[in-house]
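Engineer: Hey, dropping upload.cif in here, mmCIF, N, CA and C atoms; chains and numbers go by the auth columns:
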data_entry
loop_
_atom_site.group_PDB
_atom_site.id
_atom_site.type_symbol
_atom_site.label_atom_id
_atom_site.label_comp_id
_atom_site.label_asym_id
_atom_site.label_seq_id
_atom_site.Cartn_x
_atom_site.Cartn_y
_atom_site.Cartn_z
_atom_site.B_iso_or_equiv
_atom_site.auth_seq_id
_atom_site.auth_asym_id
ATOM 1 N N MET A 1 71.971 5.010 66.788 0.00 1 D
ATOM 2 C CA MET A 1 71.016 6.077 67.015 0.00 1 D
ATOM 3 C C MET A 1 70.607 6.041 68.491 0.00 1 D
ATOM 4 N N LEU A 2 70.682 7.177 69.151 0.00 2 D
ATOM 5 C CA LEU A 2 70.318 7.297 70.560 0.00 2 D
ATOM 6 C C LEU A 2 68.977 8.012 70.657 0.00 2 D
ATOM 7 N N LYS A 3 68.044 7.415 71.375 0.00 3 D
ATOM 8 C CA LYS A 3 66.757 8.063 71.626 0.00 3 D
ATOM 9 C C LYS A 3 66.872 8.854 72.922 0.00 3 D
ATOM 10 N N VAL A 4 66.455 10.109 72.873 0.00 4 D
ATOM 11 C CA VAL A 4 66.485 10.982 74.044 0.00 4 D
ATOM 12 C C VAL A 4 65.051 11.394 74.338 0.00 4 D
ATOM 13 N N HIS A 5 64.627 11.217 75.588 0.00 5 D
ATOM 14 C CA HIS A 5 63.261 11.532 76.000 0.00 5 D
ATOM 15 C C HIS A 5 63.280 12.608 77.082 0.00 5 D
ATOM 16 N N TYR A 6 62.283 13.493 77.027 0.00 6 D
ATOM 17 C CA TYR A 6 62.092 14.524 78.046 0.00 6 D
ATOM 18 C C TYR A 6 60.703 14.319 78.643 0.00 6 D
ATOM 19 N N PHE A 7 60.634 14.144 79.961 0.00 7 D
ATOM 20 C CA PHE A 7 59.371 13.804 80.615 0.00 7 D
ATOM 21 C C PHE A 7 58.876 14.902 81.546 0.00 7 D
ATOM 22 N N ALA A 8 57.585 14.834 81.828 0.00 8 D
ATOM 23 C CA ALA A 8 56.887 15.672 82.803 0.00 8 D
ATOM 24 C C ALA A 8 57.092 17.156 82.490 0.00 8 D
ATOM 25 N N ALA A 9 57.383 17.958 83.501 0.00 9 D
ATOM 26 C CA ALA A 9 57.496 19.404 83.318 0.00 9 D
ATOM 27 C C ALA A 9 58.609 19.785 82.348 0.00 9 D
ATOM 28 N N LEU A 10 59.625 18.943 82.215 0.00 10 D
ATOM 29 C CA LEU A 10 60.698 19.245 81.260 0.00 10 D
ATOM 30 C C LEU A 10 60.170 19.322 79.832 0.00 10 D
ATOM 31 N N ARG A 11 59.210 18.487 79.541 0.00 11 D
ATOM 32 C CA ARG A 11 58.600 18.468 78.209 0.00 11 D
ATOM 33 C C ARG A 11 58.080 19.864 77.850 0.00 11 D
ATOM 34 N N GLU A 12 57.397 20.503 78.807 0.00 12 D
ATOM 35 C CA GLU A 12 56.864 21.840 78.562 0.00 12 D
ATOM 36 C C GLU A 12 57.979 22.890 78.551 0.00 12 D
ATOM 37 N N THR A 13 58.905 22.797 79.481 0.00 13 D
ATOM 38 C CA THR A 13 60.003 23.761 79.566 0.00 13 D
ATOM 39 C C THR A 13 60.840 23.778 78.290 0.00 13 D
ATOM 40 N N LEU A 14 61.127 22.585 77.775 0.00 14 D
ATOM 41 C CA LEU A 14 61.988 22.474 76.603 0.00 14 D
ATOM 42 C C LEU A 14 61.222 22.549 75.292 0.00 14 D
ATOM 43 N N GLY A 15 59.919 22.345 75.359 0.00 15 D
ATOM 44 C CA GLY A 15 59.117 22.356 74.144 0.00 15 D
ATOM 45 C C GLY A 15 59.376 21.155 73.258 0.00 15 D
ATOM 46 N N SER A 16 59.734 20.035 73.886 0.00 16 D
ATOM 47 C CA SER A 16 60.060 18.830 73.126 0.00 16 D
ATOM 48 C C SER A 16 59.769 17.590 73.961 0.00 16 D
ATOM 49 N N THR A 17 59.285 16.553 73.298 0.00 17 D
ATOM 50 C CA THR A 17 59.090 15.268 73.984 0.00 17 D
ATOM 51 C C THR A 17 60.305 14.375 73.835 0.00 17 D
ATOM 52 N N GLY A 18 61.157 14.681 72.864 0.00 18 D
ATOM 53 C CA GLY A 18 62.353 13.883 72.661 0.00 18 D
ATOM 54 C C GLY A 18 62.897 14.027 71.266 0.00 18 D
ATOM 55 N N GLU A 19 63.953 13.282 71.007 0.00 19 D
ATOM 56 C CA GLU A 19 64.609 13.320 69.715 0.00 19 D
ATOM 57 C C GLU A 19 65.483 12.086 69.549 0.00 19 D
ATOM 58 N N GLU A 20 65.894 11.844 68.338 0.00 20 D
ATOM 59 C CA GLU A 20 66.853 10.784 68.043 0.00 20 D
ATOM 60 C C GLU A 20 68.086 11.443 67.463 0.00 20 D
ATOM 61 N N LEU A 21 69.243 10.987 67.895 0.00 21 D
ATOM 62 C CA LEU A 21 70.461 11.587 67.372 0.00 21 D
ATOM 63 C C LEU A 21 71.593 10.582 67.338 0.00 21 D
ATOM 64 N N ASN A 22 72.543 10.868 66.488 0.00 22 D
ATOM 65 C CA ASN A 22 73.784 10.111 66.449 0.00 22 D
ATOM 66 C C ASN A 22 74.783 10.862 67.300 0.00 22 D
ATOM 67 N N LEU A 23 75.417 10.175 68.221 0.00 23 D
ATOM 68 C CA LEU A 23 76.411 10.826 69.064 0.00 23 D
ATOM 69 C C LEU A 23 77.625 11.200 68.232 0.00 23 D
ATOM 70 N N PRO A 24 78.171 12.393 68.453 0.00 24 D
ATOM 71 C CA PRO A 24 79.352 12.793 67.689 0.00 24 D
ATOM 72 C C PRO A 24 80.588 11.961 68.034 0.00 24 D
ATOM 73 N N ARG A 25 80.574 11.376 69.246 0.00 25 D
ATOM 74 C CA ARG A 25 81.681 10.511 69.682 0.00 25 D
ATOM 75 C C ARG A 25 81.105 9.317 70.427 0.00 25 D
ATOM 76 N N ALA A 26 81.707 8.165 70.265 0.00 26 D
ATOM 77 C CA ALA A 26 81.222 6.946 70.922 0.00 26 D
ATOM 78 C C ALA A 26 81.512 6.932 72.419 0.00 26 D
ATOM 79 N N ASP A 27 82.492 7.705 72.864 0.00 27 D
ATOM 80 C CA ASP A 27 82.900 7.658 74.275 0.00 27 D
ATOM 81 C C ASP A 27 82.342 8.812 75.105 0.00 27 D
ATOM 82 N N MET A 28 81.187 9.346 74.727 0.00 28 D
ATOM 83 C CA MET A 28 80.596 10.471 75.446 0.00 28 D
ATOM 84 C C MET A 28 80.002 10.042 76.785 0.00 28 D
ATOM 85 N N THR A 29 80.041 10.959 77.747 0.00 29 D
ATOM 86 C CA THR A 29 79.367 10.762 79.023 0.00 29 D
ATOM 87 C C THR A 29 78.016 11.471 78.969 0.00 29 D
ATOM 88 N N VAL A 30 77.203 11.254 79.994 0.00 30 D
ATOM 89 C CA VAL A 30 75.927 11.966 80.093 0.00 30 D
ATOM 90 C C VAL A 30 76.178 13.469 80.114 0.00 30 D
ATOM 91 N N ALA A 31 77.158 13.925 80.871 0.00 31 D
ATOM 92 C CA ALA A 31 77.463 15.357 80.941 0.00 31 D
ATOM 93 C C ALA A 31 77.830 15.911 79.567 0.00 31 D
ATOM 94 N N GLN A 32 78.598 15.164 78.803 0.00 32 D
ATOM 95 C CA GLN A 32 78.967 15.612 77.460 0.00 32 D
ATOM 96 C C GLN A 32 77.760 15.610 76.527 0.00 32 D
ATOM 97 N N LEU A 33 76.864 14.657 76.704 0.00 33 D
ATOM 98 C CA LEU A 33 75.628 14.653 75.926 0.00 33 D
ATOM 99 C C LEU A 33 74.826 15.922 76.217 0.00 33 D
ATOM 100 N N ILE A 34 74.730 16.276 77.486 0.00 34 D
ATOM 101 C CA ILE A 34 73.996 17.486 77.858 0.00 34 D
ATOM 102 C C ILE A 34 74.612 18.702 77.172 0.00 34 D
ATOM 103 N N GLU A 35 75.935 18.826 77.209 0.00 35 D
ATOM 104 C CA GLU A 35 76.586 19.954 76.545 0.00 35 D
ATOM 105 C C GLU A 35 76.270 19.949 75.051 0.00 35 D
ATOM 106 N N HIS A 36 76.249 18.787 74.450 0.00 36 D
ATOM 107 C CA HIS A 36 75.907 18.661 73.031 0.00 36 D
ATOM 108 C C HIS A 36 74.463 19.113 72.781 0.00 36 D
ATOM 109 N N LEU A 37 73.553 18.709 73.672 0.00 37 D
ATOM 110 C CA LEU A 37 72.148 19.095 73.524 0.00 37 D
ATOM 111 C C LEU A 37 71.938 20.599 73.682 0.00 37 D
ATOM 112 N N LEU A 38 72.761 21.256 74.485 0.00 38 D
ATOM 113 C CA LEU A 38 72.613 22.687 74.737 0.00 38 D
ATOM 114 C C LEU A 38 73.091 23.562 73.582 0.00 38 D
ATOM 115 N N GLU A 39 73.950 23.021 72.736 0.00 39 D
ATOM 116 C CA GLU A 39 74.530 23.814 71.649 0.00 39 D
ATOM 117 C C GLU A 39 73.448 24.395 70.736 0.00 39 D
ATOM 118 N N GLY A 40 73.449 25.716 70.640 0.00 40 D
ATOM 119 C CA GLY A 40 72.543 26.409 69.742 0.00 40 D
ATOM 120 C C GLY A 40 71.088 26.431 70.176 0.00 40 D
ATOM 121 N N ARG A 41 70.821 26.074 71.409 0.00 41 D
ATOM 122 C CA ARG A 41 69.434 26.049 71.878 0.00 41 D
ATOM 123 C C ARG A 41 69.167 27.191 72.843 0.00 41 D
ATOM 124 N N ALA A 42 67.894 27.427 73.094 0.00 42 D
ATOM 125 C CA ALA A 42 67.458 28.508 73.977 0.00 42 D
ATOM 126 C C ALA A 42 67.992 28.310 75.396 0.00 42 D
ATOM 127 N N GLU A 43 68.051 29.405 76.137 0.00 43 D
ATOM 128 C CA GLU A 43 68.553 29.398 77.517 0.00 43 D
ATOM 129 C C GLU A 43 67.770 28.435 78.417 0.00 43 D
ATOM 130 N N SER A 44 66.505 28.196 78.107 0.00 44 D
ATOM 131 C CA SER A 44 65.686 27.299 78.930 0.00 44 D
ATOM 132 C C SER A 44 66.276 25.884 78.991 0.00 44 D
ATOM 133 N N TRP A 45 67.049 25.508 77.999 0.00 45 D
ATOM 134 C CA TRP A 45 67.666 24.175 77.983 0.00 45 D
ATOM 135 C C TRP A 45 68.754 24.014 79.047 0.00 45 D
ATOM 136 N N ALA A 46 69.268 25.111 79.574 0.00 46 D
ATOM 137 C CA ALA A 46 70.317 25.051 80.594 0.00 46 D
ATOM 138 C C ALA A 46 69.863 24.289 81.838 0.00 46 D
ATOM 139 N N ILE A 47 68.554 24.138 82.018 0.00 47 D
ATOM 140 C CA ILE A 47 68.043 23.376 83.163 0.00 47 D
ATOM 141 C C ILE A 47 68.597 21.947 83.178 0.00 47 D
ATOM 142 N N LEU A 48 68.945 21.412 82.027 0.00 48 D
ATOM 143 C CA LEU A 48 69.488 20.050 81.978 0.00 48 D
ATOM 144 C C LEU A 48 70.780 19.921 82.771 0.00 48 D
ATOM 145 N N ASN A 49 71.490 21.020 82.976 0.00 49 D
ATOM 146 C CA ASN A 49 72.728 21.005 83.763 0.00 49 D
ATOM 147 C C ASN A 49 72.486 20.927 85.264 0.00 49 D
ATOM 148 N N ASP A 50 71.279 21.182 85.706 0.00 50 D
ATOM 149 C CA ASP A 50 70.976 21.256 87.135 0.00 50 D
ATOM 150 C C ASP A 50 70.539 19.893 87.668 0.00 50 D
ATOM 151 N N SER A 51 71.465 19.177 88.289 0.00 51 D
ATOM 152 C CA SER A 51 71.164 17.829 88.778 0.00 51 D
ATOM 153 C C SER A 51 70.177 17.826 89.944 0.00 51 D
ATOM 154 N N SER A 52 69.912 18.986 90.556 0.00 52 D
ATOM 155 C CA SER A 52 68.909 19.034 91.617 0.00 52 D
ATOM 156 C C SER A 52 67.494 19.126 91.041 0.00 52 D
ATOM 157 N N GLN A 53 67.384 19.502 89.758 0.00 53 D
ATOM 158 C CA GLN A 53 66.081 19.630 89.129 0.00 53 D
ATOM 159 C C GLN A 53 65.820 18.588 88.039 0.00 53 D
ATOM 160 N N VAL A 54 66.896 17.931 87.589 0.00 54 D
ATOM 161 C CA VAL A 54 66.762 16.989 86.482 0.00 54 D
ATOM 162 C C VAL A 54 67.538 15.717 86.782 0.00 54 D
ATOM 163 N N LEU A 55 66.833 14.596 86.761 0.00 55 D
ATOM 164 C CA LEU A 55 67.461 13.279 86.886 0.00 55 D
ATOM 165 C C LEU A 55 67.636 12.684 85.497 0.00 55 D
ATOM 166 N N VAL A 56 68.539 11.717 85.412 0.00 56 D
ATOM 167 C CA VAL A 56 68.841 11.079 84.129 0.00 56 D
ATOM 168 C C VAL A 56 68.755 9.568 84.293 0.00 56 D
ATOM 169 N N ALA A 57 68.174 8.922 83.297 0.00 57 D
ATOM 170 C CA ALA A 57 68.176 7.463 83.236 0.00 57 D
ATOM 171 C C ALA A 57 68.774 7.049 81.894 0.00 57 D
ATOM 172 N N VAL A 58 69.639 6.067 81.932 0.00 58 D
ATOM 173 C CA VAL A 58 70.224 5.508 80.719 0.00 58 D
ATOM 174 C C VAL A 58 69.730 4.077 80.614 0.00 58 D
ATOM 175 N N ASP A 59 69.058 3.786 79.534 0.00 59 D
ATOM 176 C CA ASP A 59 68.448 2.465 79.333 0.00 59 D
ATOM 177 C C ASP A 59 67.612 2.044 80.544 0.00 59 D
ATOM 178 N N GLN A 60 66.824 2.995 81.043 0.00 60 D
ATOM 179 C CA GLN A 60 65.848 2.815 82.119 0.00 60 D
ATOM 180 C C GLN A 60 66.461 2.539 83.491 0.00 60 D
ATOM 181 N N MET A 61 67.726 2.930 83.666 0.00 61 D
ATOM 182 C CA MET A 61 68.394 2.825 84.964 0.00 61 D
ATOM 183 C C MET A 61 68.911 4.213 85.328 0.00 61 D
ATOM 184 N N ILE A 62 68.613 4.668 86.562 0.00 62 D
ATOM 185 C CA ILE A 62 69.093 5.970 87.008 0.00 62 D
ATOM 186 C C ILE A 62 70.613 6.020 86.844 0.00 62 D
ATOM 187 N N ALA A 63 71.097 7.129 86.297 0.00 63 D
ATOM 188 C CA ALA A 63 72.529 7.259 86.016 0.00 63 D
ATOM 189 C C ALA A 63 73.034 8.607 86.503 0.00 63 D
ATOM 190 N N ASP A 64 74.320 8.645 86.821 0.00 64 D
ATOM 191 C CA ASP A 64 74.905 9.946 87.124 0.00 64 D
ATOM 192 C C ASP A 64 75.516 10.510 85.846 0.00 64 D
ATOM 193 N N ARG A 65 75.957 11.710 85.915 0.00 65 D
ATOM 194 C CA ARG A 65 76.400 12.424 84.718 0.00 65 D
ATOM 195 C C ARG A 65 77.788 12.023 84.244 0.00 65 D
ATOM 196 N N THR A 66 78.465 11.166 85.009 0.00 66 D
ATOM 197 C CA THR A 66 79.782 10.674 84.585 0.00 66 D
ATOM 198 C C THR A 66 79.681 9.364 83.803 0.00 66 D
ATOM 199 N N MET A 67 78.482 8.817 83.714 0.00 67 D
ATOM 200 C CA MET A 67 78.295 7.533 83.027 0.00 67 D
ATOM 201 C C MET A 67 78.561 7.673 81.528 0.00 67 D
ATOM 202 N N PHE A 68 79.274 6.700 80.984 0.00 68 D
ATOM 203 C CA PHE A 68 79.537 6.674 79.549 0.00 68 D
ATOM 204 C C PHE A 68 78.326 6.107 78.815 0.00 68 D
ATOM 205 N N LEU A 69 78.089 6.603 77.617 0.00 69 D
ATOM 206 C CA LEU A 69 76.906 6.230 76.847 0.00 69 D
ATOM 207 C C LEU A 69 77.177 5.192 75.758 0.00 69 D
ATOM 208 N N ALA A 70 78.393 4.698 75.660 0.00 70 D
ATOM 209 C CA ALA A 70 78.717 3.708 74.634 0.00 70 D
ATOM 210 C C ALA A 70 77.766 2.522 74.748 0.00 70 D
ATOM 211 N N GLY A 71 77.087 2.204 73.675 0.00 71 D
ATOM 212 C CA GLY A 71 76.161 1.080 73.654 0.00 71 D
ATOM 213 C C GLY A 71 74.766 1.383 74.160 0.00 71 D
ATOM 214 N N ALA A 72 74.549 2.591 74.681 0.00 72 D
ATOM 215 C CA ALA A 72 73.219 2.943 75.197 0.00 72 D
ATOM 216 C C ALA A 72 72.249 3.154 74.039 0.00 72 D
ATOM 217 N N ALA A 73 70.988 2.794 74.272 0.00 73 D
ATOM 218 C CA ALA A 73 69.942 2.973 73.265 0.00 73 D
ATOM 219 C C ALA A 73 69.027 4.142 73.604 0.00 73 D
ATOM 220 N N GLU A 74 68.962 4.503 74.905 0.00 74 D
ATOM 221 C CA GLU A 74 67.970 5.477 75.340 0.00 74 D
ATOM 222 C C GLU A 74 68.485 6.276 76.532 0.00 74 D
ATOM 223 N N VAL A 75 68.235 7.578 76.517 0.00 75 D
ATOM 224 C CA VAL A 75 68.510 8.448 77.656 0.00 75 D
ATOM 225 C C VAL A 75 67.236 9.231 77.937 0.00 75 D
ATOM 226 N N ALA A 76 66.860 9.285 79.205 0.00 76 D
ATOM 227 C CA ALA A 76 65.659 10.021 79.598 0.00 76 D
ATOM 228 C C ALA A 76 66.015 11.061 80.644 0.00 76 D
ATOM 229 N N PHE A 77 65.440 12.236 80.486 0.00 77 D
ATOM 230 C CA PHE A 77 65.605 13.331 81.443 0.00 77 D
ATOM 231 C C PHE A 77 64.247 13.593 82.079 0.00 77 D
ATOM 232 N N PHE A 78 64.215 13.722 83.413 0.00 78 D
ATOM 233 C CA PHE A 78 62.951 13.924 84.107 0.00 78 D
ATOM 234 C C PHE A 78 63.194 14.590 85.449 0.00 78 D
ATOM 235 N N PRO A 79 62.177 15.307 85.956 0.00 79 D
ATOM 236 C CA PRO A 79 62.319 15.948 87.268 0.00 79 D
ATOM 237 C C PRO A 79 62.258 14.902 88.380 0.00 79 D
ATOM 238 N N PRO A 80 62.863 15.224 89.532 0.00 80 D
ATOM 239 C CA PRO A 80 62.768 14.314 90.676 0.00 80 D
ATOM 240 C C PRO A 80 61.302 14.116 91.069 0.00 80 D
ATOM 241 N N MET A 81 60.980 12.942 91.488 0.00 81 D
ATOM 242 C CA MET A 81 59.607 12.624 91.908 0.00 81 D
ATOM 243 C C MET A 81 59.486 12.850 93.409 0.00 81 D
ATOM 244 N N THR A 82 58.338 13.316 93.813 0.00 82 D
ATOM 245 C CA THR A 82 58.070 13.459 95.235 0.00 82 D
ATOM 246 C C THR A 82 56.800 12.687 95.553 0.00 82 D
ATOM 247 N N GLY A 83 56.674 12.333 96.764 0.00 83 D
ATOM 248 C CA GLY A 83 55.481 11.582 97.160 0.00 83 D
ATOM 249 C C GLY A 83 55.154 11.829 98.618 0.00 83 D
ATOM 250 N N GLY A 84 54.098 11.246 99.023 0.00 84 D
ATOM 251 C CA GLY A 84 53.697 11.477 100.403 0.00 84 D
ATOM 252 C C GLY A 84 53.177 10.234 101.030 0.00 84 D
#
Output the structure of this file as structure tokens.

Structural biologist:
Amino acid sequence: MLKVHYFAALRETLGSTGEELNLPRADMTVAQLIEHLLEGRAESWAILNDSSQVLVAVDQMIADRTMFLAGAAEVAFFPPMTGG
């Protein structure tokens, strides 16, 4: 079971704080997970495809979209942080 979390403004945009799901394939990448998450959902979910607006962490480590999810317990999506 993979836990998926949506943080900060994404939570409001997507209308969800997260979900648990079984991956359809053990060898999925982050990009393939995103495509799976978009299936049958509102257009607002397409923001997950935009790497300039959404960062990804796999098991609390920043990941790129080519990373494989085999063995992962958690994926988090969140907007880039800014500071001053």

Engineer: Closest to Ser16 of chain D among D:Ser44, D:Ala72, D:Met1, D:Ile34, using only C-alpha atoms?

Structural biologist: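 Among D:Ser44, D:Ala72, D:Met1, D:Ile34, it is D:Ser44 that comes nearest to Ser16 of chain D.
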
Engineer: Quick one: of D:Arg65, D:Leu38, D:Val54, D:Leu23, who's nearest to Pro79 of chain D, counting all atoms listed in the file?

Structural biologist: D:Val54

Engineer: Which one is closest to Ala57 of chain D: D:Tyr6, D:Gln32, D:Gly71, D:Leu37? Count only C-alpha atoms.

Structural biologist: D:Tyr6

Engineer: Looking at D:Ala9, D:Leu55, D:Met28, D:Ala42, which one is nearest to Phe68 of chain D, with distances taken over all atoms listed in the file?

Structural biologist: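 Of the candidates, the smallest distance to Phe68 of chain D is held by D:Met28.
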
Engineer: Which one of D:Gln53, D:Thr66, D:Asn22, D:Gln60 sits closest to Leu10 of chain D if you count only C-alpha atoms?

Structural biologist: D:Gln53

Engineer: So that I can check the secondary structure, give me every residue of segment 6-77 of chain D assigned strand (DSSP E or B) by backbone DSSP, as a PDB file with N, CA and C atoms, in the coordinates of the input.

Structural biologist:
ATOM      1  N   TYR D   6      62.283  13.493  77.027  1.00  0.00           N
ATOM      2  CA  TYR D   6      62.092  14.524  78.046  1.00  0.00           C
ATOM      3  C   TYR D   6      60.703  14.319  78.643  1.00  0.00           C
ATOM      4  N   GLY D  18      61.157  14.681  72.864  1.00  0.00           N
ATOM      5  CA  GLY D  18      62.353  13.883  72.661  1.00  0.00           C
ATOM      6  C   GLY D  18      62.897  14.027  71.266  1.00  0.00           C
ATOM      7  N   GLU D  19      63.953  13.282  71.007  1.00  0.00           N
ATOM      8  CA  GLU D  19      64.609  13.320  69.715  1.00  0.00           C
ATOM      9  C   GLU D  19      65.483  12.086  69.549  1.00  0.00           C
ATOM     10  N   GLU D  20      65.894  11.844  68.338  1.00  0.00           N
ATOM     11  CA  GLU D  20      66.853  10.784  68.043  1.00  0.00           C
ATOM     12  C   GLU D  20      68.086  11.443  67.463  1.00  0.00           C
ATOM     13  N   LEU D  21      69.243  10.987  67.895  1.00  0.00           N
ATOM     14  CA  LEU D  21      70.461  11.587  67.372  1.00  0.00           C
ATOM     15  C   LEU D  21      71.593  10.582  67.338  1.00  0.00           C
ATOM     16  N   THR D  29      80.041  10.959  77.747  1.00  0.00           N
ATOM     17  CA  THR D  29      79.367  10.762  79.023  1.00  0.00           C
ATOM     18  C   THR D  29      78.016  11.471  78.969  1.00  0.00           C
ATOM     19  N   LEU D  55      66.833  14.596  86.761  1.00  0.00           N
ATOM     20  CA  LEU D  55      67.461  13.279  86.886  1.00  0.00           C
ATOM     21  C   LEU D  55      67.636  12.684  85.497  1.00  0.00           C
ATOM     22  N   VAL D  56      68.539  11.717  85.412  1.00  0.00           N
ATOM     23  CA  VAL D  56      68.841  11.079  84.129  1.00  0.00           C
ATOM     24  C   VAL D  56      68.755   9.568  84.293  1.00  0.00           C
ATOM     25  N   ALA D  57      68.174   8.922  83.297  1.00  0.00           N
ATOM     26  CA  ALA D  57      68.176   7.463  83.236  1.00  0.00           C
ATOM     27  C   ALA D  57      68.774   7.049  81.894  1.00  0.00           C
ATOM     28  N   VAL D  58      69.639   6.067  81.932  1.00  0.00           N
ATOM     29  CA  VAL D  58      70.224   5.508  80.719  1.00  0.00           C
ATOM     30  C   VAL D  58      69.730   4.077  80.614  1.00  0.00           C
ATOM     31  N   MET D  61      67.726   2.930  83.666  1.00  0.00           N
ATOM     32  CA  MET D  61      68.394   2.825  84.964  1.00  0.00           C
ATOM     33  C   MET D  61      68.911   4.213  85.328  1.00  0.00           C
ATOM     34  N   ILE D  62      68.613   4.668  86.562  1.00  0.00           N
ATOM     35  CA  ILE D  62      69.093   5.970  87.008  1.00  0.00           C
ATOM     36  C   ILE D  62      70.613   6.020  86.844  1.00  0.00           C
ATOM     37  N   ALA D  63      71.097   7.129  86.297  1.00  0.00           N
ATOM     38  CA  ALA D  63      72.529   7.259  86.016  1.00  0.00           C
ATOM     39  C   ALA D  63      73.034   8.607  86.503  1.00  0.00           C
ATOM     40  N   PHE D  68      79.274   6.700  80.984  1.00  0.00           N
ATOM     41  CA  PHE D  68      79.537   6.674  79.549  1.00  0.00           C
ATOM     42  C   PHE D  68      78.326   6.107  78.815  1.00  0.00           C
ATOM     43  N   GLU D  74      68.962   4.503  74.905  1.00  0.00           N
ATOM     44  CA  GLU D  74      67.970   5.477  75.340  1.00  0.00           C
ATOM     45  C   GLU D  74      68.485   6.276  76.532  1.00  0.00           C
ATOM     46  N   VAL D  75      68.235   7.578  76.517  1.00  0.00           N
ATOM     47  CA  VAL D  75      68.510   8.448  77.656  1.00  0.00           C
ATOM     48  C   VAL D  75      67.236   9.231  77.937  1.00  0.00           C
ATOM     49  N   ALA D  76      66.860   9.285  79.205  1.00  0.00           N
ATOM     50  CA  ALA D  76      65.659  10.021  79.598  1.00  0.00           C
ATOM     51  C   ALA D  76      66.015  11.061  80.644  1.00  0.00           C
ATOM     52  N   PHE D  77      65.440  12.236  80.486  1.00  0.00           N
ATOM     53  CA  PHE D  77      65.605  13.331  81.443  1.00  0.00           C
ATOM     54  C   PHE D  77      64.247  13.593  82.079  1.00  0.00           C
TER      55      PHE D  77
END

Engineer: Mind pulling up the distance from atom CA of Thr13 of chain D to atom CA of Trp45 of chain D?

Structural biologist: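 About the pair atom CA of Trp45 of chain D and atom CA of Thr13 of chain D: they are 7.8 Å apart.
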
Engineer: Give the answer as one residue: which of D:Asp50, D:Leu21, D:Gly15, D:Glu39 has the shortest atom-to-atom distance to Lys3 of chain D, using only N, CA and C atoms?

Structural biologist: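 Distance minimum relative to Lys3 of chain D lands on D:Leu21.
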
Engineer: Can you rebuild segment 55-59 of chain D with all heavy atoms and give it as a CSV table (one decimal), keeping the file's coordinate frame?

Structural biologist:
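What ended up in result_10.csv:
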chain,number,residue,atom,x,y,z
D,55,LEU,N,66.8,14.6,86.8
D,55,LEU,CA,67.5,13.3,86.9
D,55,LEU,C,67.6,12.7,85.5
D,55,LEU,O,67.0,13.1,84.5
D,55,LEU,CB,66.6,12.4,87.7
D,55,LEU,CG,66.3,12.8,89.2
D,55,LEU,CD1,65.4,11.8,89.9
D,55,LEU,CD2,67.7,12.9,89.9
D,56,VAL,N,68.5,11.7,85.4
D,56,VAL,CA,68.8,11.1,84.1
D,56,VAL,C,68.8,9.6,84.3
D,56,VAL,O,69.2,9.0,85.3
D,56,VAL,CB,70.3,11.4,83.7
D,56,VAL,CG1,70.6,10.8,82.3
D,56,VAL,CG2,70.5,12.9,83.6
D,57,ALA,N,68.2,8.9,83.3
D,57,ALA,CA,68.2,7.5,83.2
D,57,ALA,C,68.8,7.0,81.9
D,57,ALA,O,68.5,7.7,80.9
D,57,ALA,CB,66.8,6.9,83.4
D,58,VAL,N,69.6,6.1,81.9
D,58,VAL,CA,70.2,5.5,80.7
D,58,VAL,C,69.7,4.1,80.6
D,58,VAL,O,69.9,3.3,81.5
D,58,VAL,CB,71.8,5.6,80.8
D,58,VAL,CG1,72.4,4.9,79.5
D,58,VAL,CG2,72.2,7.0,80.9
D,59,ASP,N,69.1,3.8,79.5
D,59,ASP,CA,68.4,2.5,79.3
D,59,ASP,C,67.6,2.0,80.5
D,59,ASP,O,67.7,0.9,81.0
D,59,ASP,CB,69.5,1.4,79.0
D,59,ASP,CG,70.1,1.7,77.6
D,59,ASP,OD1,69.4,2.3,76.7
D,59,ASP,OD2,71.2,1.2,77.4
